[in-house]
file model-v3.txt (compact mmCIF, C-alpha atoms and all ligand atoms)
# COMPACT_ATOMS: atom_id res chain seq x y z
CA MET J 1 -20.57 -60.32 3.44
CA ILE J 2 -21.96 -57.27 5.20
CA LYS J 3 -19.17 -54.90 6.13
CA ALA J 4 -18.88 -51.95 8.49
CA GLN J 5 -19.90 -48.65 6.95
CA ARG J 6 -17.27 -46.45 5.31
CA GLY J 7 -15.63 -44.21 7.90
CA THR J 8 -16.59 -46.47 10.83
CA LYS J 9 -14.45 -48.98 12.63
CA ASP J 10 -14.59 -52.00 14.94
CA ILE J 11 -12.36 -51.82 17.97
CA PHE J 12 -11.16 -55.04 19.59
CA GLY J 13 -8.12 -56.94 20.90
CA GLU J 14 -5.00 -54.89 21.63
CA GLU J 15 -6.69 -51.74 20.31
CA ALA J 16 -9.58 -52.11 22.76
CA ILE J 17 -7.11 -52.42 25.63
CA ILE J 18 -5.39 -49.17 24.63
CA TRP J 19 -8.79 -47.46 24.24
CA GLN J 20 -9.76 -48.60 27.72
CA TRP J 21 -6.54 -47.12 29.04
CA ILE J 22 -7.23 -43.79 27.30
CA PHE J 23 -10.74 -43.76 28.78
CA GLU J 24 -9.51 -44.54 32.31
CA ASN J 25 -6.96 -41.73 32.11
CA ALA J 26 -9.56 -39.28 30.84
CA LYS J 27 -11.96 -40.24 33.60
CA ASN J 28 -9.32 -39.98 36.33
CA VAL J 29 -7.95 -36.63 35.21
CA PHE J 30 -11.39 -35.10 34.69
CA GLN J 31 -12.74 -36.37 38.00
CA ASN J 32 -9.66 -35.27 39.91
CA ALA J 33 -10.32 -31.80 38.54
CA ASN J 34 -13.88 -32.05 39.91
CA PHE J 35 -15.70 -32.45 36.60
CA THR J 36 -18.64 -34.89 36.77
CA GLU J 37 -19.76 -37.07 33.92
CA ILE J 38 -22.67 -36.11 31.70
CA LYS J 39 -24.16 -38.60 29.24
CA THR J 40 -26.49 -37.01 26.71
CA PRO J 41 -28.33 -38.81 23.88
CA ILE J 42 -26.57 -39.59 20.63
CA PHE J 43 -29.36 -37.95 18.63
CA GLU J 44 -30.99 -34.58 19.17
CA ALA J 45 -33.43 -32.29 17.35
CA THR J 46 -31.74 -31.04 14.18
CA GLU J 47 -32.58 -27.49 15.16
CA LEU J 48 -30.28 -27.75 18.19
CA PHE J 49 -27.24 -28.10 15.93
CA ASN J 50 -28.48 -25.63 13.31
CA ARG J 51 -28.64 -23.01 16.01
CA GLY J 52 -26.04 -24.28 18.48
CA VAL J 53 -23.23 -25.10 16.06
CA GLY J 54 -24.20 -22.47 13.52
CA ASP J 55 -25.51 -22.60 9.99
CA SER J 56 -22.39 -21.13 8.42
CA THR J 57 -20.22 -24.03 9.63
CA ASP J 58 -19.00 -27.00 7.60
CA ILE J 59 -20.58 -29.27 10.21
CA VAL J 60 -24.10 -27.97 9.64
CA ASN J 61 -23.72 -27.33 5.93
CA LYS J 62 -22.13 -30.56 4.85
CA GLU J 63 -21.47 -33.04 7.58
CA MET J 64 -24.67 -33.83 9.49
CA TYR J 65 -26.43 -37.21 9.58
CA THR J 66 -29.97 -35.89 9.52
CA PHE J 67 -33.14 -37.91 9.02
CA SER J 68 -36.85 -37.65 9.60
CA VAL J 69 -38.83 -39.92 11.84
CA GLY J 70 -42.52 -40.33 12.46
CA GLY J 71 -43.86 -39.66 8.96
CA VAL J 72 -46.20 -36.84 8.04
CA GLU J 73 -49.20 -38.21 9.91
CA LYS J 74 -47.25 -38.57 13.18
CA ASN J 75 -45.80 -35.09 13.38
CA GLU J 76 -42.64 -35.85 11.47
CA THR J 77 -39.54 -34.62 13.27
CA SER J 78 -36.06 -34.05 11.97
CA ILE J 79 -33.33 -35.51 14.13
CA THR J 80 -29.55 -35.53 13.77
CA LEU J 81 -26.78 -37.78 15.09
CA ARG J 82 -24.67 -35.50 17.25
CA PRO J 83 -21.67 -34.10 15.32
CA GLU J 84 -20.21 -32.68 18.56
CA ASN J 85 -21.30 -32.57 22.16
CA THR J 86 -21.29 -28.97 23.34
CA ALA J 87 -24.75 -28.22 21.94
CA GLY J 88 -26.19 -31.34 23.64
CA VAL J 89 -24.58 -30.54 26.99
CA VAL J 90 -25.86 -26.96 26.82
CA ARG J 91 -29.36 -28.22 25.98
CA SER J 92 -29.24 -30.52 28.99
CA PHE J 93 -27.84 -27.75 31.21
CA ILE J 94 -30.79 -25.52 30.32
CA GLU J 95 -33.44 -28.26 30.40
CA HIS J 96 -32.48 -29.43 33.90
CA ASN J 97 -31.77 -25.98 35.34
CA LEU J 98 -28.25 -27.06 36.17
CA ASN J 99 -27.33 -23.42 36.68
CA ARG J 100 -29.13 -23.63 40.06
CA GLN J 101 -26.05 -25.32 41.52
CA SER J 102 -23.42 -22.79 42.51
CA PRO J 103 -20.89 -22.10 39.76
CA PRO J 104 -18.72 -23.43 38.34
CA GLN J 105 -20.78 -26.31 37.01
CA LYS J 106 -18.27 -28.74 35.50
CA PHE J 107 -19.01 -31.68 33.21
CA TRP J 108 -17.01 -34.23 31.26
CA TYR J 109 -18.02 -36.71 28.55
CA PHE J 110 -16.54 -39.46 26.40
CA GLY J 111 -18.50 -40.82 23.47
CA PRO J 112 -19.11 -41.19 19.74
CA MET J 113 -19.81 -38.29 17.38
CA PHE J 114 -20.93 -38.47 13.74
CA ARG J 115 -19.89 -36.37 10.77
CA TYR J 116 -20.39 -37.17 7.11
CA GLU J 117 -16.83 -36.40 5.99
CA ARG J 118 -14.44 -37.93 3.47
CA PRO J 119 -12.76 -40.72 5.45
CA GLN J 120 -8.96 -40.52 5.60
CA ALA J 121 -6.25 -40.97 8.21
CA GLY J 122 -7.45 -39.24 11.38
CA ARG J 123 -10.88 -38.51 9.91
CA GLN J 124 -13.82 -40.86 10.33
CA ARG J 125 -17.60 -40.66 10.08
CA GLN J 126 -18.09 -42.11 13.54
CA PHE J 127 -15.34 -40.96 15.86
CA TYR J 128 -15.00 -40.45 19.61
CA GLN J 129 -14.46 -37.31 21.58
CA ALA J 130 -13.44 -36.83 25.20
CA GLY J 131 -14.26 -33.38 26.46
CA VAL J 132 -15.17 -31.03 29.27
CA GLU J 133 -17.51 -28.05 29.62
CA LEU J 134 -17.27 -25.53 32.46
CA PHE J 135 -20.19 -23.15 33.07
CA GLY J 136 -20.73 -20.01 35.12
CA ILE J 137 -17.28 -18.39 35.28
CA LYS J 138 -16.32 -15.43 33.12
CA GLU J 139 -12.86 -14.98 34.66
CA PRO J 140 -9.81 -16.35 32.81
CA THR J 141 -9.23 -18.79 35.68
CA ALA J 142 -11.85 -20.96 33.94
CA ASP J 143 -10.04 -20.82 30.59
CA ALA J 144 -6.80 -21.75 32.38
CA GLU J 145 -8.49 -24.62 34.25
CA VAL J 146 -9.86 -26.07 31.01
CA ILE J 147 -6.54 -25.83 29.15
CA LEU J 148 -4.70 -27.32 32.14
CA THR J 149 -7.14 -30.21 32.29
CA ALA J 150 -6.50 -30.94 28.61
CA VAL J 151 -2.73 -30.78 29.05
CA ASN J 152 -2.82 -32.93 32.20
CA PHE J 153 -4.84 -35.57 30.42
CA LEU J 154 -2.36 -35.62 27.51
CA LYS J 155 0.51 -35.93 30.00
CA THR J 156 -1.01 -39.05 31.56
CA LEU J 157 -0.89 -40.59 28.07
CA GLY J 158 2.81 -39.74 27.87
CA LEU J 159 2.10 -36.97 25.34
CA ASN J 160 4.27 -34.13 26.61
CA ASN J 161 5.43 -32.48 23.43
CA LEU J 162 2.21 -31.34 21.85
CA LYS J 163 1.81 -27.71 20.83
CA VAL J 164 -0.81 -25.57 22.52
CA GLU J 165 -1.95 -22.73 20.25
CA LEU J 166 -4.02 -19.87 21.59
CA ASN J 167 -5.88 -16.91 20.24
CA THR J 168 -8.54 -14.48 21.36
CA LEU J 169 -11.47 -13.57 19.17
CA GLY J 170 -12.69 -10.86 21.53
CA CYS J 171 -16.27 -10.15 22.47
CA PRO J 172 -19.01 -9.81 19.84
CA LYS J 173 -18.11 -6.12 19.52
CA CYS J 174 -14.40 -6.71 18.85
CA LYS J 175 -15.29 -9.67 16.67
CA ASN J 176 -17.45 -7.41 14.58
CA SER J 177 -14.81 -4.79 13.94
CA TYR J 178 -12.34 -7.55 13.03
CA LYS J 179 -14.89 -9.04 10.63
CA GLN J 180 -15.30 -5.69 8.90
CA SER J 181 -11.52 -5.25 8.51
CA ILE J 182 -11.13 -8.76 7.13
CA LYS J 183 -13.96 -8.21 4.67
CA LYS J 184 -12.48 -4.96 3.49
CA VAL J 185 -8.98 -6.30 2.90
CA LEU J 186 -10.26 -9.50 1.26
CA ALA J 187 -12.72 -7.77 -1.06
CA PRO J 188 -10.30 -7.50 -4.01
CA TYR J 189 -9.48 -11.23 -3.68
CA LEU J 190 -13.02 -12.48 -3.32
CA LYS J 191 -13.14 -13.89 -6.84
CA ASP J 192 -10.00 -16.00 -6.13
CA LEU J 193 -11.31 -17.53 -2.91
CA CYS J 194 -12.90 -21.00 -2.94
CA ASP J 195 -16.70 -21.33 -3.12
CA ASP J 196 -16.96 -22.09 0.60
CA CYS J 197 -15.04 -18.92 1.43
CA LYS J 198 -17.28 -16.87 -0.88
CA MET J 199 -20.22 -18.06 1.24
CA ARG J 200 -18.29 -17.45 4.49
CA TYR J 201 -17.48 -13.93 3.29
CA GLU J 202 -21.16 -13.10 3.62
CA LYS J 203 -22.16 -15.27 6.58
CA ASN J 204 -19.11 -15.44 8.84
CA PRO J 205 -15.94 -13.90 7.36
CA LEU J 206 -13.66 -14.92 10.26
CA ARG J 207 -14.16 -18.55 9.31
CA ILE J 208 -12.33 -17.81 6.05
CA LEU J 209 -9.08 -17.97 8.03
CA ASP J 210 -9.92 -21.57 8.96
CA CYS J 211 -10.01 -22.62 5.30
CA LYS J 212 -7.79 -25.56 4.34
CA ASN J 213 -7.87 -24.83 0.59
CA GLU J 214 -4.30 -24.26 -0.69
CA ASN J 215 -5.26 -21.32 -2.94
CA CYS J 216 -6.97 -19.54 -0.09
CA LYS J 217 -3.99 -20.15 2.19
CA ILE J 218 -1.70 -18.46 -0.35
CA ILE J 219 -3.93 -15.38 -0.33
CA PHE J 220 -3.73 -15.17 3.49
CA GLU J 221 0.07 -14.90 3.16
CA LYS J 222 -0.19 -11.55 1.36
CA GLU J 223 1.41 -8.71 3.27
CA GLU J 224 -1.65 -6.44 3.49
CA ILE J 225 -3.87 -9.31 4.68
CA LYS J 226 -1.31 -10.53 7.20
CA ASN J 227 -1.18 -6.99 8.58
CA VAL J 228 -4.91 -7.01 9.28
CA ILE J 229 -4.75 -10.49 10.82
CA LEU J 230 -1.82 -9.56 13.06
CA LYS J 231 -3.28 -6.26 14.19
CA ASP J 232 -4.63 -6.14 17.72
CA TYR J 233 -8.29 -5.38 17.33
CA VAL J 234 -9.62 -6.64 20.69
CA CYS J 235 -10.95 -4.14 23.22
CA GLU J 236 -9.17 -3.40 26.47
CA GLU J 237 -11.30 -5.72 28.56
CA CYS J 238 -10.84 -8.67 26.20
CA SER J 239 -7.17 -7.96 25.90
CA GLU J 240 -6.85 -7.94 29.71
CA HIS J 241 -8.70 -11.28 29.88
CA PHE J 242 -6.27 -12.79 27.39
CA LYS J 243 -3.26 -11.33 29.20
CA GLU J 244 -4.39 -12.81 32.50
CA LEU J 245 -4.91 -16.21 30.92
CA LYS J 246 -1.40 -16.11 29.44
CA ASN J 247 -0.01 -15.16 32.86
CA TYR J 248 -1.67 -18.18 34.47
CA LEU J 249 -0.27 -20.45 31.79
CA ASP J 250 3.20 -18.92 32.19
CA GLU J 251 3.01 -19.44 35.95
CA LEU J 252 2.16 -23.08 35.38
CA ASN J 253 4.90 -23.62 32.82
CA ILE J 254 2.51 -24.48 30.04
CA ASP J 255 4.24 -24.11 26.72
CA TYR J 256 1.96 -22.29 24.27
CA SER J 257 2.15 -20.00 21.29
CA VAL J 258 -0.28 -17.34 20.10
CA ASN J 259 -1.58 -18.08 16.61
CA LYS J 260 -3.56 -15.17 15.21
CA MET J 261 -4.88 -17.35 12.39
CA LEU J 262 -6.66 -19.61 14.84
CA VAL J 263 -10.41 -18.97 14.60
CA ARG J 264 -11.90 -22.48 15.10
CA GLY J 265 -14.64 -23.99 13.00
CA LEU J 266 -17.70 -23.33 15.13
CA ASP J 267 -19.70 -20.11 15.15
CA TYR J 268 -20.22 -19.78 18.85
CA TYR J 269 -16.75 -19.04 20.16
CA ASN J 270 -15.78 -15.71 21.72
CA ARG J 271 -12.60 -14.58 23.46
CA THR J 272 -10.29 -17.57 24.06
CA VAL J 273 -9.91 -20.22 21.38
CA PHE J 274 -7.25 -22.92 21.48
CA GLU J 275 -6.03 -26.04 19.74
CA ILE J 276 -3.51 -28.69 20.70
CA LYS J 277 -1.56 -30.15 17.79
CA SER J 278 0.96 -32.85 17.05
CA ASP J 279 3.43 -32.87 14.14
CA ALA J 280 3.25 -36.66 14.13
CA LEU J 281 -0.30 -36.67 12.77
CA GLY J 282 0.28 -35.28 9.27
CA SER J 283 -2.42 -33.01 7.91
CA GLN J 284 -5.02 -33.96 10.55
CA SER J 285 -2.79 -32.49 13.21
CA ALA J 286 -5.28 -31.21 15.81
CA VAL J 287 -5.99 -33.55 18.73
CA CYS J 288 -7.96 -31.01 20.73
CA GLY J 289 -10.04 -27.94 20.02
CA GLY J 290 -11.72 -25.66 22.49
CA GLY J 291 -12.63 -22.22 23.61
CA ARG J 292 -15.02 -19.90 25.35
CA TYR J 293 -18.63 -19.65 24.30
CA ASP J 294 -20.28 -17.10 26.56
CA GLY J 295 -23.29 -16.47 24.32
CA LEU J 296 -24.41 -20.02 23.60
CA VAL J 297 -26.51 -20.84 26.68
CA GLU J 298 -28.57 -17.69 26.21
CA MET J 299 -28.80 -18.22 22.47
CA LEU J 300 -30.33 -21.66 23.10
CA GLY J 301 -32.91 -20.25 25.52
CA GLY J 302 -31.16 -20.33 28.91
CA ALA J 303 -30.12 -17.55 31.26
CA PRO J 304 -26.92 -15.74 30.18
CA THR J 305 -24.08 -18.03 31.35
CA PRO J 306 -20.40 -17.80 30.48
CA ALA J 307 -18.84 -21.13 29.49
CA VAL J 308 -15.63 -22.69 28.23
CA GLY J 309 -14.70 -26.20 27.12
CA PHE J 310 -12.75 -28.48 24.82
CA ALA J 311 -13.14 -31.67 22.78
CA MET J 312 -10.36 -34.16 22.03
CA GLY J 313 -10.37 -36.56 19.12
CA VAL J 314 -9.81 -40.00 20.65
CA GLU J 315 -8.80 -41.71 17.35
CA ARG J 316 -6.05 -39.14 16.94
CA LEU J 317 -4.92 -39.69 20.54
CA TYR J 318 -4.93 -43.41 19.85
CA ALA J 319 -2.72 -42.92 16.77
CA LEU J 320 -0.21 -41.04 18.92
CA VAL J 321 -0.11 -43.43 21.86
CA GLN J 322 -0.06 -46.38 19.52
CA LYS J 323 3.10 -45.02 17.91
CA LYS J 324 4.49 -44.90 21.41
CA ALA J 325 3.12 -48.30 22.34
CA THR J 326 4.73 -49.93 19.30
CA LYS J 327 8.04 -48.26 20.01
CA LYS J 328 10.76 -50.87 19.65
CA LEU J 329 13.01 -51.95 22.48
CA ASP J 330 16.61 -50.82 22.21
CA PHE J 331 18.01 -54.34 22.73
CA PHE J 332 17.03 -57.97 22.83
CA VAL J 333 19.64 -60.24 24.36
CA VAL J 334 19.89 -63.58 22.55
CA SER J 335 21.58 -66.25 24.66
CA ASP J 336 21.27 -69.76 26.06
CA ASN J 337 22.91 -68.62 29.26
CA SER J 338 20.01 -67.17 31.25
CA LYS J 339 22.16 -65.85 34.04
CA GLU J 340 24.41 -63.80 31.72
CA ALA J 341 21.43 -62.67 29.63
CA LEU J 342 19.63 -61.48 32.74
CA LYS J 343 22.74 -59.68 34.00
CA LEU J 344 23.34 -57.87 30.70
CA THR J 345 19.67 -56.89 30.35
CA GLN J 346 19.70 -55.46 33.84
CA LYS J 347 22.92 -53.53 33.19
CA LEU J 348 21.41 -51.98 30.04
CA ARG J 349 18.22 -51.02 31.85
CA LEU J 350 20.22 -49.31 34.57
CA LYS J 351 21.72 -47.16 31.80
CA GLU J 352 18.18 -46.18 30.70
CA LYS J 353 18.13 -48.51 27.71
CA SER J 354 15.06 -50.63 27.16
CA ALA J 355 16.02 -54.29 26.99
CA GLU J 356 14.53 -57.77 27.06
CA PHE J 357 15.86 -61.34 26.90
CA ASP J 358 14.53 -64.82 26.27
CA PHE J 359 13.15 -66.40 29.43
CA GLN J 360 13.21 -69.96 28.20
CA LYS J 361 16.58 -70.52 26.51
CA ARG J 362 14.82 -71.34 23.24
CA LYS J 363 16.68 -72.03 20.00
CA PHE J 364 18.67 -69.03 18.75
CA SER J 365 16.55 -68.90 15.59
CA LYS J 366 13.39 -68.52 17.69
CA GLN J 367 15.02 -65.88 19.90
CA LEU J 368 16.21 -63.91 16.86
CA GLU J 369 12.74 -64.07 15.38
CA LYS J 370 11.30 -62.57 18.56
CA ALA J 371 14.11 -60.00 18.66
CA SER J 372 13.47 -58.78 15.13
CA LYS J 373 9.80 -58.22 15.92
CA THR J 374 10.38 -56.30 19.14
CA ALA J 375 13.81 -54.63 19.18
CA LYS J 376 16.22 -52.45 17.24
CA TYR J 377 19.33 -54.51 18.03
CA ALA J 378 19.96 -58.11 19.02
CA ILE J 379 22.97 -58.72 21.28
CA ILE J 380 24.14 -62.27 20.81
CA LEU J 381 25.82 -63.88 23.81
CA GLY J 382 26.90 -67.33 22.69
CA GLU J 383 29.68 -69.52 24.05
CA ASP J 384 32.33 -67.83 21.90
CA GLU J 385 31.24 -64.31 22.95
CA LEU J 386 31.14 -65.24 26.64
CA SER J 387 34.50 -66.98 26.77
CA ASN J 388 36.26 -64.29 24.67
CA ASN J 389 34.54 -61.25 26.20
CA PHE J 390 32.86 -59.59 23.28
CA PHE J 391 29.32 -58.94 21.98
CA SER J 392 27.96 -59.78 18.54
CA VAL J 393 25.44 -57.10 17.73
CA LYS J 394 22.91 -57.40 14.91
CA ASN J 395 21.14 -54.30 13.60
CA LEU J 396 17.66 -55.72 13.09
CA SER J 397 16.54 -53.18 10.52
CA THR J 398 19.58 -53.56 8.20
CA GLY J 399 20.60 -57.13 9.12
CA GLU J 400 24.21 -55.97 9.55
CA GLN J 401 26.20 -57.76 12.26
CA ASN J 402 29.24 -56.38 14.10
CA THR J 403 31.57 -57.28 16.92
CA ILE J 404 31.70 -54.93 19.87
CA LYS J 405 34.39 -55.17 22.50
CA ASN J 406 33.12 -53.24 25.45
CA PHE J 407 29.82 -52.47 27.12
CA ASP J 408 29.98 -48.66 26.81
CA GLU J 409 30.05 -48.92 23.03
CA LEU J 410 26.64 -50.59 23.19
CA LEU J 411 25.24 -47.49 24.81
CA ASN J 412 26.25 -45.33 21.87
CA LEU J 413 24.51 -47.40 19.22
P1 LIG B 501 -10.73 -30.52 11.72
O1 LIG B 501 -10.22 -29.17 11.38
O2 LIG B 501 -9.62 -31.56 11.85
O3 LIG B 501 -11.86 -30.97 10.86
P2 LIG B 501 -12.63 -29.62 13.62
O4 LIG B 501 -12.34 -28.19 13.85
O5 LIG B 501 -13.74 -30.02 12.72
O6 LIG B 501 -11.30 -30.39 13.20
P3 LIG B 501 -13.64 -29.98 16.29
O7 LIG B 501 -15.04 -29.85 15.90
O8 LIG B 501 -12.97 -28.90 17.00
O9 LIG B 501 -12.79 -30.38 15.00
O10 LIG B 501 -13.43 -31.33 17.11
C1 LIG B 501 -12.42 -31.48 18.12
C2 LIG B 501 -11.49 -32.62 17.78
O11 LIG B 501 -12.22 -33.76 17.35
C3 LIG B 501 -10.55 -32.35 16.62
O12 LIG B 501 -9.43 -31.62 17.04
C4 LIG B 501 -10.19 -33.74 16.18
O13 LIG B 501 -9.16 -34.28 17.01
C5 LIG B 501 -11.46 -34.52 16.41
N1 LIG B 501 -12.21 -34.71 15.15
C6 LIG B 501 -13.00 -33.82 14.52
N2 LIG B 501 -13.55 -34.37 13.41
C7 LIG B 501 -13.09 -35.66 13.36
C8 LIG B 501 -13.31 -36.75 12.46
N3 LIG B 501 -14.11 -36.67 11.43
N4 LIG B 501 -12.68 -37.93 12.73
C9 LIG B 501 -11.85 -38.04 13.80
N5 LIG B 501 -11.62 -37.06 14.68
C10 LIG B 501 -12.22 -35.87 14.47
MG MG B 502 -13.90 -30.64 10.75
call {"tool": "encode", "arguments": {"input": "model-v3.txt", "output": "structure tokens"}}
result
Amino acid sequence: MIKAQRGTKDIFGEEAIIWQWIFENAKNVFQNANFTEIKTPIFEATELFNRGVGDSTDIVNKEMYTFSVGGVEKNETSITLRPENTAGVVRSFIEHNLNRQSPPQKFWYFGPMFRYERPQAGRQRQFYQAGVELFGIKEPTADAEVILTAVNFLKTLGLNNLKVELNTLGCPKCKNSYKQSIKKVLAPYLKDLCDDCKMRYEKNPLRILDCKNENCKIIFEKEEIKNVILKDYVCEECSEHFKELKNYLDELNIDYSVNKMLVRGLDYYNRTVFEIKSDALGSQSAVCGGGRYDGLVEMLGGAPTPAVGFAMGVERLYALVQKKATKKLDFFVVSDNSKEALKLTQKLRLKEKSAEFDFQKRKFSKQLEKASKTAKYAIILGEDELSNNFFSVKNLSTGEQNTIKNFDELLNL
């Protein structure tokens, strides 16, 4: 039998319905915020990612699906399945002179990305991202707009408790002085860093802070290194930009924290970087990553254009909403008296408990079977219970059954 490739997945049935719902919410939130859809090709010239994502990144160094087409005689070209979508959107923006429209130019996308990574929970080789890119505005209003759009989208999925982490990397000038300080303080530890970090030390030392290697993480905890990381090295202008952004978020009651270790994996970020995380996802905790990339459009051959955007991992969103979707009901009322069952269910719901009953007066064994699949507790209302005014309550995870005399006690279970 031919099977799907490692790290890829078929989506159908219940899962497809939830995916559709995630897509509809993304589309509605993005369009309400005046972003318009952009669909770019799934493959691009390899050079676009080498330059646009950066050749000191894990993506370009290890994770790209790159192949040659055409053969030597037909001008062989190297193409790559897109590992992310910012580079493609920027290419399109430049190619079609989209900067001719008055700024901001706002785009959203939803589609598959490809990275050759070790598959594990929350990490696939083909995965989906939903994202936005906003061009033409250097003011922090744009950073705020992008973060708000991400948070609003998560809210529509019922995800209210995710953590927004923020940092500022400063402009290329601040970034450079930070790089030098990091290099200096890390120099004595260079031999203890992992091989990737040794390479990053030369090519892009800030990325060292993004390392997931446990040994490297221990080194970052050292007092003298922490001091350099925590020091404010951004210039006045960048610091003002960051302050204004934080003010906007405060005004809008967005809960965030500043994480000075946050540098993000891609080379092109400057000033604001942010991630949105969930504790429920284990080690692959980031559902969203984004930031400002003012230099990228120019670097790829366009006119200088400030820009900011984010990308969300849809599989990780799915894992979170699925946990919600499979949340068990508080109660299932088992009874062959539909009127009493309906009344009790209603009473529980009015007390903010989720409850369901059997619509067809089926055999108790069938009702209990349904209850144990869908609820935490079964409340049994048989003849004895109804005539003697009590409830038999079965804890469906332990199987333990108890008698409860009054309704209020049910609410405390
Ligand atoms: P990570 O540190 O988890 O590898 P990243 O920095 O490589 O993330 P980005 O390039 O910022 O990720 O992508 C944005 C989002 O896309 C991530 O926050 C995550 O939710 C999702 N994502 C990235 N890589 C994968 C993958 N291989 N499988 C599933 N989702 C992914
Ligand atoms: Mg990654």
call {"tool": "residues_near_ligand", "arguments": {"input": "model-v3.txt", "ligand": "ligand MG 502 (chain B)", "cutoff": "12 Å", "atoms": "only C-alpha atoms and all ligand atoms", "output": "number ranges by chain"}}
result
J: 57-64, 83-84, 113-119, 122-125, 127, 210-212, 264-266, 284-289, 313
call {"tool": "write_last_selection", "arguments": {"input": "model-v3.txt", "atoms": "C-alpha atoms", "output": "PDB file, in the coordinates of the input"}}
result
ATOM      1  CA  THR J  57     -20.220 -24.030   9.630  1.00  0.00           C
ATOM      2  CA  ASP J  58     -19.000 -27.000   7.600  1.00  0.00           C
ATOM      3  CA  ILE J  59     -20.580 -29.270  10.210  1.00  0.00           C
ATOM      4  CA  VAL J  60     -24.100 -27.970   9.640  1.00  0.00           C
ATOM      5  CA  ASN J  61     -23.720 -27.330   5.930  1.00  0.00           C
ATOM      6  CA  LYS J  62     -22.130 -30.560   4.850  1.00  0.00           C
ATOM      7  CA  GLU J  63     -21.470 -33.040   7.580  1.00  0.00           C
ATOM      8  CA  MET J  64     -24.670 -33.830   9.490  1.00  0.00           C
ATOM      9  CA  PRO J  83     -21.670 -34.100  15.320  1.00  0.00           C
ATOM     10  CA  GLU J  84     -20.210 -32.680  18.560  1.00  0.00           C
ATOM     11  CA  MET J 113     -19.810 -38.290  17.380  1.00  0.00           C
ATOM     12  CA  PHE J 114     -20.930 -38.470  13.740  1.00  0.00           C
ATOM     13  CA  ARG J 115     -19.890 -36.370  10.770  1.00  0.00           C
ATOM     14  CA  TYR J 116     -20.390 -37.170   7.110  1.00  0.00           C
ATOM     15  CA  GLU J 117     -16.830 -36.400   5.990  1.00  0.00           C
ATOM     16  CA  ARG J 118     -14.440 -37.930   3.470  1.00  0.00           C
ATOM     17  CA  PRO J 119     -12.760 -40.720   5.450  1.00  0.00           C
ATOM     18  CA  GLY J 122      -7.450 -39.240  11.380  1.00  0.00           C
ATOM     19  CA  ARG J 123     -10.880 -38.510   9.910  1.00  0.00           C
ATOM     20  CA  GLN J 124     -13.820 -40.860  10.330  1.00  0.00           C
ATOM     21  CA  ARG J 125     -17.600 -40.660  10.080  1.00  0.00           C
ATOM     22  CA  PHE J 127     -15.340 -40.960  15.860  1.00  0.00           C
ATOM     23  CA  ASP J 210      -9.920 -21.570   8.960  1.00  0.00           C
ATOM     24  CA  CYS J 211     -10.010 -22.620   5.300  1.00  0.00           C
ATOM     25  CA  LYS J 212      -7.790 -25.560   4.340  1.00  0.00           C
ATOM     26  CA  ARG J 264     -11.900 -22.480  15.100  1.00  0.00           C
ATOM     27  CA  GLY J 265     -14.640 -23.990  13.000  1.00  0.00           C
ATOM     28  CA  LEU J 266     -17.700 -23.330  15.130  1.00  0.00           C
ATOM     29  CA  GLN J 284      -5.020 -33.960  10.550  1.00  0.00           C
ATOM     30  CA  SER J 285      -2.790 -32.490  13.210  1.00  0.00           C
ATOM     31  CA  ALA J 286      -5.280 -31.210  15.810  1.00  0.00           C
ATOM     32  CA  VAL J 287      -5.990 -33.550  18.730  1.00  0.00           C
ATOM     33  CA  CYS J 288      -7.960 -31.010  20.730  1.00  0.00           C
ATOM     34  CA  GLY J 289     -10.040 -27.940  20.020  1.00  0.00           C
ATOM     35  CA  GLY J 313     -10.370 -36.560  19.120  1.00  0.00           C
TER      36      GLY J 313
END
call {"tool": "closest_residue", "arguments": {"input": "model-v3.txt", "among": "J:Lys173, J:Lys203, J:Lys222, J:Lys339", "to": "Leu186 of chain J", "atoms": "only C-alpha atoms"}}
result
J:Lys222
call {"tool": "residues_around", "arguments": {"input": "model-v3.txt", "residues": "segment 13-16 of chain J", "least_positions_apart": "3", "cutoff": "12 Å", "atoms": "only C-alpha atoms", "output": "PDB file with C-alpha atoms, in the coordinates of the input"}}
result
ATOM      1  CA  LYS J   9     -14.450 -48.980  12.630  1.00  0.00           C
ATOM      2  CA  ASP J  10     -14.590 -52.000  14.940  1.00  0.00           C
ATOM      3  CA  TRP J  19      -8.790 -47.460  24.240  1.00  0.00           C
ATOM      4  CA  GLN J  20      -9.760 -48.600  27.720  1.00  0.00           C
ATOM      5  CA  TRP J  21      -6.540 -47.120  29.040  1.00  0.00           C
ATOM      6  CA  ILE J  22      -7.230 -43.790  27.300  1.00  0.00           C
ATOM      7  CA  PHE J  23     -10.740 -43.760  28.780  1.00  0.00           C
ATOM      8  CA  GLU J 315      -8.800 -41.710  17.350  1.00  0.00           C
ATOM      9  CA  TYR J 318      -4.930 -43.410  19.850  1.00  0.00           C
ATOM     10  CA  ALA J 319      -2.720 -42.920  16.770  1.00  0.00           C
ATOM     11  CA  VAL J 321      -0.110 -43.430  21.860  1.00  0.00           C
ATOM     12  CA  GLN J 322      -0.060 -46.380  19.520  1.00  0.00           C
ATOM     13  CA  ALA J 325       3.120 -48.300  22.340  1.00  0.00           C
ATOM     14  CA  THR J 326       4.730 -49.930  19.300  1.00  0.00           C
TER      15      THR J 326
END
call {"tool": "residues_near_point", "arguments": {"input": "model-v3.txt", "point": "(-14.8, -18.4, -1.3)", "cutoff": "12 Å", "atoms": "all atoms listed in the file", "output": "ChimeraX atom specification"}}
result
/J:183,186-187,189-205,207-213,215-217,219
call {"tool": "atom_distance", "arguments": {"input": "model-v3.txt", "atom1": "atom O2 of ligand LIG 501 (chain B)", "atom2": "atom CA of Leu206 of chain J"}}
result
17.2 Å
